[in-house]
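Pasting query.cif here (mmCIF, C-alpha atoms; chains and numbers go by the auth columns):
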data_work
loop_
_atom_site.group_PDB
_atom_site.id
_atom_site.type_symbol
_atom_site.label_atom_id
_atom_site.label_comp_id
_atom_site.label_asym_id
_atom_site.label_seq_id
_atom_site.Cartn_x
_atom_site.Cartn_y
_atom_site.Cartn_z
_atom_site.B_iso_or_equiv
_atom_site.auth_seq_id
_atom_site.auth_asym_id
ATOM 1 C CA MET A 1 -44.681 -1.544 -19.955 0.00 1 G
ATOM 2 C CA SER A 2 -41.001 -0.796 -20.377 0.00 2 G
ATOM 3 C CA GLY A 3 -40.046 -4.434 -19.803 0.00 3 G
ATOM 4 C CA ILE A 4 -37.888 -3.727 -16.745 0.00 4 G
ATOM 5 C CA ASP A 5 -38.837 -5.616 -13.628 0.00 5 G
ATOM 6 C CA PRO A 6 -38.451 -3.573 -10.402 0.00 6 G
ATOM 7 C CA GLN A 7 -37.212 -6.746 -8.705 0.00 7 G
ATOM 8 C CA ASP A 8 -34.218 -6.864 -11.092 0.00 8 G
ATOM 9 C CA HIS A 9 -33.309 -3.281 -10.190 0.00 9 G
ATOM 10 C CA ASP A 10 -33.465 -4.142 -6.478 0.00 10 G
ATOM 11 C CA ASP A 11 -31.283 -7.221 -7.005 0.00 11 G
ATOM 12 C CA ASP A 12 -28.697 -5.240 -8.968 0.00 12 G
ATOM 13 C CA SER A 13 -28.626 -2.533 -6.327 0.00 13 G
ATOM 14 C CA ARG A 14 -28.294 -5.081 -3.536 0.00 14 G
ATOM 15 C CA SER A 15 -25.498 -6.906 -5.358 0.00 15 G
ATOM 16 C CA ARG A 16 -23.614 -3.651 -5.877 0.00 16 G
ATOM 17 C CA GLN A 17 -24.011 -2.777 -2.204 0.00 17 G
ATOM 18 C CA ASN A 18 -22.690 -6.205 -1.212 0.00 18 G
ATOM 19 C CA VAL A 19 -19.614 -5.796 -3.397 0.00 19 G
ATOM 20 C CA VAL A 20 -18.941 -2.349 -1.943 0.00 20 G
ATOM 21 C CA ALA A 21 -19.364 -3.725 1.590 0.00 21 G
ATOM 22 C CA VAL A 22 -16.901 -6.568 0.913 0.00 22 G
ATOM 23 C CA VAL A 23 -14.354 -4.098 -0.503 0.00 23 G
ATOM 24 C CA VAL A 24 -14.726 -1.790 2.509 0.00 24 G
ATOM 25 C CA VAL A 25 -14.300 -4.688 4.947 0.00 25 G
ATOM 26 C CA ALA A 26 -11.228 -5.921 3.043 0.00 26 G
ATOM 27 C CA VAL A 27 -9.661 -2.435 3.126 0.00 27 G
ATOM 28 C CA LEU A 28 -10.343 -2.173 6.854 0.00 28 G
ATOM 29 C CA LEU A 29 -8.789 -5.588 7.504 0.00 29 G
ATOM 30 C CA VAL A 30 -5.663 -4.806 5.475 0.00 30 G
ATOM 31 C CA GLY A 31 -5.368 -1.389 7.129 0.00 31 G
ATOM 32 C CA GLY A 32 -5.738 -2.950 10.579 0.00 32 G
ATOM 33 C CA TRP A 33 -3.096 -5.574 9.805 0.00 33 G
ATOM 34 C CA TRP A 34 -0.687 -2.892 8.549 0.00 34 G
ATOM 35 C CA LEU A 35 -1.322 -0.710 11.606 0.00 35 G
ATOM 36 C CA MET A 36 -0.740 -3.589 14.010 0.00 36 G
ATOM 37 C CA SER A 37 2.519 -4.572 12.306 0.00 37 G
ATOM 38 C CA GLU A 38 3.748 -0.957 12.430 0.00 38 G
ATOM 39 C CA LEU A 39 2.860 -0.690 16.101 0.00 39 G
ATOM 40 C CA GLN A 40 4.670 -3.950 16.827 0.00 40 G
ATOM 41 C CA HIS A 41 7.785 -2.723 15.021 0.00 41 G
ATOM 42 C CA HIS A 42 7.784 0.558 16.942 0.00 42 G
ATOM 43 C CA ARG A 43 7.248 -1.317 20.215 0.00 43 G
ATOM 44 C CA GLU A 44 10.241 -3.558 19.457 0.00 44 G
ATOM 45 C CA VAL A 45 12.410 -0.531 18.660 0.00 45 G
ATOM 46 C CA GLY A 46 11.242 1.176 21.862 0.00 46 G
ATOM 47 C CA ASP A 47 12.052 -1.939 23.894 0.00 47 G
ATOM 48 C CA CYS A 48 15.483 -2.096 22.281 0.00 48 G
ATOM 49 C CA ILE A 49 16.201 1.542 23.098 0.00 49 G
ATOM 50 C CA ALA A 50 14.876 1.131 26.639 0.00 50 G
ATOM 51 C CA SER A 51 17.285 -1.775 27.215 0.00 51 G
ATOM 52 C CA GLY A 52 20.204 0.547 26.467 0.00 52 G
ATOM 53 C CA ARG A 53 21.241 -0.781 23.082 0.00 53 G
ATOM 54 C CA ARG A 54 22.437 1.677 20.460 0.00 54 G
ATOM 55 C CA ASP A 55 22.020 -0.371 17.261 0.00 55 G
ATOM 56 C CA CYS A 56 18.246 -0.691 17.309 0.00 56 G
ATOM 57 C CA VAL A 57 17.543 0.943 13.952 0.00 57 G
ATOM 58 C CA PRO A 58 19.955 0.589 11.028 0.00 58 G
ATOM 59 C CA ILE A 59 21.096 3.934 9.627 0.00 59 G
ATOM 60 C CA THR A 60 22.031 4.015 5.949 0.00 60 G
ATOM 61 C CA PRO A 61 24.138 6.865 4.604 0.00 61 G
ATOM 62 C CA GLU A 62 22.806 8.921 1.716 0.00 62 G
ATOM 63 C CA ALA A 63 24.449 8.056 -1.605 0.00 63 G
ATOM 64 C CA GLY A 64 24.927 11.601 -2.896 0.00 64 G
ATOM 65 C CA LYS A 65 26.789 13.099 0.055 0.00 65 G
#

Represent the supplied structure as structure tokens.
Amino acid sequence: MSGIDPQDHDDDSRSRQNVVAVVVVAVLLVGGWWLMSELQHHREVGDCIASGRRDCVPITPEAGK
């Protein structure tokens, strides 16, 4: 009567859910990649410190002091 097919509503809803799912998966993948790279960096710094080196992390002086 109103000219709206319930099937169209279901398709729109399903499409929206698929887009949201793809975005969530992409955010999780990027977050996982970032976390793994941070963990690797901290592991490398820890290994450097454990080997007795003192120049493992560069220290930059503050400009205003």

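Across the model, the gap from atom CA of G:Glu38 to atom CA of G:Val23 is 22.5 Å.
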
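The gap separating atom CA of G:Cys56 from atom CA of G:Arg43 is 11.4 Å, in Å to one decimal.
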
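Counting from atom CA of G:Ser37, the distance to atom CA of G:Val22 is 22.6 Å.
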